[in-house]
Structures are given as structure tokens and as C-alpha cells.
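Report on the following structure.
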Amino acid sequence: MWSFQRLTALLVLTMALCGSGAAIAFDEADLVKLQALNACEGCDLSGAHLYFAKLGGANLENANLSEANLFGADLENADLSFANLSEASLRGADLGRAYLSSADLSGAYLAAADLGGANLENANLSEADLGAADLRLANLSGADLSKANFYFAKLGGANLENANLSEANLFGADLENADLSFANLSEASLRGADLGRANLENATLSGANLSGIDLSTAILKGAKIEGATFCKTLTPWGEDNSGC
């Protein structure tokens, strides 16, 4: 039998969705199952309002959370591998050490979210907003980060090997000690970014904006820099103003 607390919570969520004029897309039984077990593998929770939800360690593998509102939610150590989080709102959410391998986060709003130590290997974050997000020591190897916003994001020590960052906005991002080997940074904006001791070996930087950044301690062996904008850029060969 459902508890009064769970029924009340479900009613509030339903009223919130109806009041906003949004269609209720999620499966109500799946929502109750998640509340009871802290697990709902493969569940349909699309469009659900789960703001500030306590889901630390939850098993949501392959769940559909597209367009869900997870503002401020606790998803620390949660398993969201292969989950659909496209267009979801995760602003300020705690995803520290969460498992998001192969998850779809395209167009998701992750501003100020904590993704420190999270596993995002092969995840899709194209056009996602990660402004001021904490991704220190996160594994983003092979991830699609094209056209994503990383302005002032913390990516220190992150693994971005072979990631697609084409046309990404990395303005003011902290990439100190990050591994960007074989990454695609073509047409990306790196103005004001910190790339101290970053590994850019065999990375593609063609067409990237490298104005005003310090690459003097970065590893650039085999990097493709043709067409990149250098202006007041500190490099291992001195200050480069060839693009001013």
C-alpha cells in the first residue's frame, strides 16, 4: 500500500505539471518505484519534477529522464549509464562520482552542477550548458561535447582524451593538467582558459581561438594548429601574435 507521504508527493508533482500546462509524460508507477527502492532501471521519468530529490546512489541505468527537472538534486554516486537526460535541467545538481557512461545529455542544463570525478565516457553532451560546472577529475574520454558551453567550468585534471569539443565555448575554463590528447577542438573558443601543463598531444586546434592564453607549459607534440588564432598567446616558442 502506498504511504500517504508518497501519494502526497506524487500529487504535488502531478499538479505542478498540470498547472504549468505541460503534458505528463512520465509513468507514475515508475516514480513511486523510484521513491520506494531508490532504483528504477529503464524507467520512464521523462518530464518529471524531481528538484532537490535525494537520489544518491540510485540505479537509473537506461532510464528516460528527458526534460526532467532535477534542479539541485542529489545524484551523487548514482548509476545513470545509458540514461536519456536530453534537455533535462540539472542546474546545481550533485553528480559527484556519478556513472554517466554513454548517457545522452544533449542540450541539458548543467550550470553550476557538481560532476567532480564523474564517469562520462562516450556520453553525449552536445550543446549542453556546463557553465561554472565542476568537472575536476571527471572522465570525459570519447564524449561528444560539440557546441557545449563550458564558460568558467572547472576541468582541472579531467580526462578529455579523444573528446569532441568542436565549436565548444571554453572561455575562462580551468583545464590545468587536463588530458586533451587526440581531442577535437576545431573552431573552439579557449579565450581566457587555463591550459597550464595540459596535454594537447595530437589534438586538433584548427580554427580555434587561442588568444591571450598561456600554452608555454602545455604538451603540443603533434597538435594541429593550422588556422588557429594566436594573439598575445604564450607558446613554447615565445609570444605568438601572428593572428592579431
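Every chain in the C-alpha cells takes a letter, A first, then B, and so on in the order presented; its residues are numbered from 1, and the ligands are numbered from 1 following the presented order.
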
Next item on the list: Would you list the contacts of Asp194 (chain A) as an NGL selection string, taking every protein, DNA or RNA residue within 12 Å and counting only C-alpha atoms, but skipping same-chain residues closer than 2 positions in sequence?
Entry: :A and (151-157 or 170-178 or 190-192 or 196-198 or 210-218 or 233-234)

For Glu226 (chain A): contacts at 9 Å, only C-alpha atoms, fewer than 5 positions along chain excluded, given as an mmCIF file with N, CA and C atoms, in the first residue's frame:
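Saved result, out27.cif, follows:
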data_model
loop_
_atom_site.group_PDB
_atom_site.id
_atom_site.type_symbol
_atom_site.label_atom_id
_atom_site.label_comp_id
_atom_site.auth_asym_id
_atom_site.auth_seq_id
_atom_site.Cartn_x
_atom_site.Cartn_y
_atom_site.Cartn_z
ATOM 1 N N THR A 204 43.440 18.412 -32.262
ATOM 2 C CA THR A 204 43.128 19.255 -33.416
ATOM 3 C C THR A 204 42.644 20.608 -32.914
ATOM 4 N N LEU A 205 43.427 21.654 -33.229
ATOM 5 C CA LEU A 205 43.112 23.013 -32.787
ATOM 6 C C LEU A 205 42.873 23.938 -33.976
ATOM 7 N N SER A 206 42.672 23.375 -35.149
ATOM 8 C CA SER A 206 42.480 24.195 -36.335
ATOM 9 C C SER A 206 41.245 25.077 -36.186
ATOM 10 N N GLY A 207 41.438 26.374 -36.429
ATOM 11 C CA GLY A 207 40.338 27.319 -36.328
ATOM 12 C C GLY A 207 39.973 27.711 -34.912
#

Check: Got a sec: who's within 10 Å of Glu61 (chain A), counting only C-alpha atoms, leaving out chain neighbours fewer than 4 positions off, as JSON, numbers by chain?
Finding: {"A": [39, 40, 41, 42, 43, 78, 79, 80, 81, 82, 83, 84, 99, 100, 101, 103]}

Selected residues written out with N, CA and C atoms, as a PDB file, in the first residue's frame:
ATOM      1  N   ALA A  39      15.729   2.990  -6.961  1.00  0.00           N
ATOM      2  CA  ALA A  39      16.189   2.306  -8.162  1.00  0.00           C
ATOM      3  C   ALA A  39      15.009   2.162  -9.113  1.00  0.00           C
ATOM      4  N   CYS A  40      15.267   2.409 -10.386  1.00  0.00           N
ATOM      5  CA  CYS A  40      14.222   2.234 -11.388  1.00  0.00           C
ATOM      6  C   CYS A  40      14.899   2.136 -12.754  1.00  0.00           C
ATOM      7  N   GLU A  41      15.555   1.033 -12.956  1.00  0.00           N
ATOM      8  CA  GLU A  41      16.310   0.810 -14.191  1.00  0.00           C
ATOM      9  C   GLU A  41      15.356   0.770 -15.385  1.00  0.00           C
ATOM     10  N   GLY A  42      15.656   1.563 -16.400  1.00  0.00           N
ATOM     11  CA  GLY A  42      14.845   1.591 -17.608  1.00  0.00           C
ATOM     12  C   GLY A  42      13.505   2.282 -17.449  1.00  0.00           C
ATOM     13  N   CYS A  43      13.289   3.004 -16.368  1.00  0.00           N
ATOM     14  CA  CYS A  43      12.001   3.651 -16.105  1.00  0.00           C
ATOM     15  C   CYS A  43      11.757   4.862 -17.000  1.00  0.00           C
ATOM     16  N   ALA A  78      25.232   8.037  -8.297  1.00  0.00           N
ATOM     17  CA  ALA A  78      24.118   7.372  -8.984  1.00  0.00           C
ATOM     18  C   ALA A  78      24.591   6.725 -10.284  1.00  0.00           C
ATOM     19  N   ASP A  79      23.899   5.661 -10.675  1.00  0.00           N
ATOM     20  CA  ASP A  79      24.195   4.994 -11.937  1.00  0.00           C
ATOM     21  C   ASP A  79      23.189   5.478 -12.979  1.00  0.00           C
ATOM     22  N   LEU A  80      23.673   6.340 -13.891  1.00  0.00           N
ATOM     23  CA  LEU A  80      22.850   6.886 -14.954  1.00  0.00           C
ATOM     24  C   LEU A  80      23.408   6.483 -16.320  1.00  0.00           C
ATOM     25  N   SER A  81      24.114   5.375 -16.347  1.00  0.00           N
ATOM     26  CA  SER A  81      24.689   4.916 -17.608  1.00  0.00           C
ATOM     27  C   SER A  81      23.580   4.634 -18.612  1.00  0.00           C
ATOM     28  N   PHE A  82      23.796   5.072 -19.840  1.00  0.00           N
ATOM     29  CA  PHE A  82      22.847   4.900 -20.948  1.00  0.00           C
ATOM     30  C   PHE A  82      21.514   5.600 -20.707  1.00  0.00           C
ATOM     31  N   ALA A  83      21.425   6.444 -19.692  1.00  0.00           N
ATOM     32  CA  ALA A  83      20.179   7.162 -19.424  1.00  0.00           C
ATOM     33  C   ALA A  83      19.979   8.291 -20.436  1.00  0.00           C
ATOM     34  N   ASN A  84      18.722   8.636 -20.659  1.00  0.00           N
ATOM     35  CA  ASN A  84      18.374   9.752 -21.536  1.00  0.00           C
ATOM     36  C   ASN A  84      18.061  10.960 -20.667  1.00  0.00           C
ATOM     37  N   TYR A  99      27.894   7.752 -12.415  1.00  0.00           N
ATOM     38  CA  TYR A  99      28.271   6.951 -13.569  1.00  0.00           C
ATOM     39  C   TYR A  99      27.321   7.298 -14.705  1.00  0.00           C
ATOM     40  N   LEU A 100      27.845   8.049 -15.701  1.00  0.00           N
ATOM     41  CA  LEU A 100      27.043   8.540 -16.804  1.00  0.00           C
ATOM     42  C   LEU A 100      27.596   8.063 -18.143  1.00  0.00           C
ATOM     43  N   SER A 101      28.241   6.934 -18.128  1.00  0.00           N
ATOM     44  CA  SER A 101      28.827   6.396 -19.347  1.00  0.00           C
ATOM     45  C   SER A 101      27.756   6.198 -20.419  1.00  0.00           C
ATOM     46  N   ALA A 103      25.604   8.112 -21.540  1.00  0.00           N
ATOM     47  CA  ALA A 103      24.331   8.797 -21.302  1.00  0.00           C
ATOM     48  C   ALA A 103      24.121   9.901 -22.334  1.00  0.00           C
TER      49      ALA A 103
END

Checklist line | alpha helix (DSSP H) call set, DSSP backbone run, region 32-188 of chain A, as a PyMOL selection string | finding: chain A and resi 32-37

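Between CA of Ala208 (chain A) and CA of Leu185 (chain A) lies a distance of 6.6 Å.
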
Note to self: Neighbouring residues of Ala48 (chain A) were defined as those with any atom within 7 Å, considering only C-alpha atoms; residues of the same chain fewer than 5 positions away were excluded. Please report them as a ChimeraX atom specification.
What the structure shows: /A:26,68-69
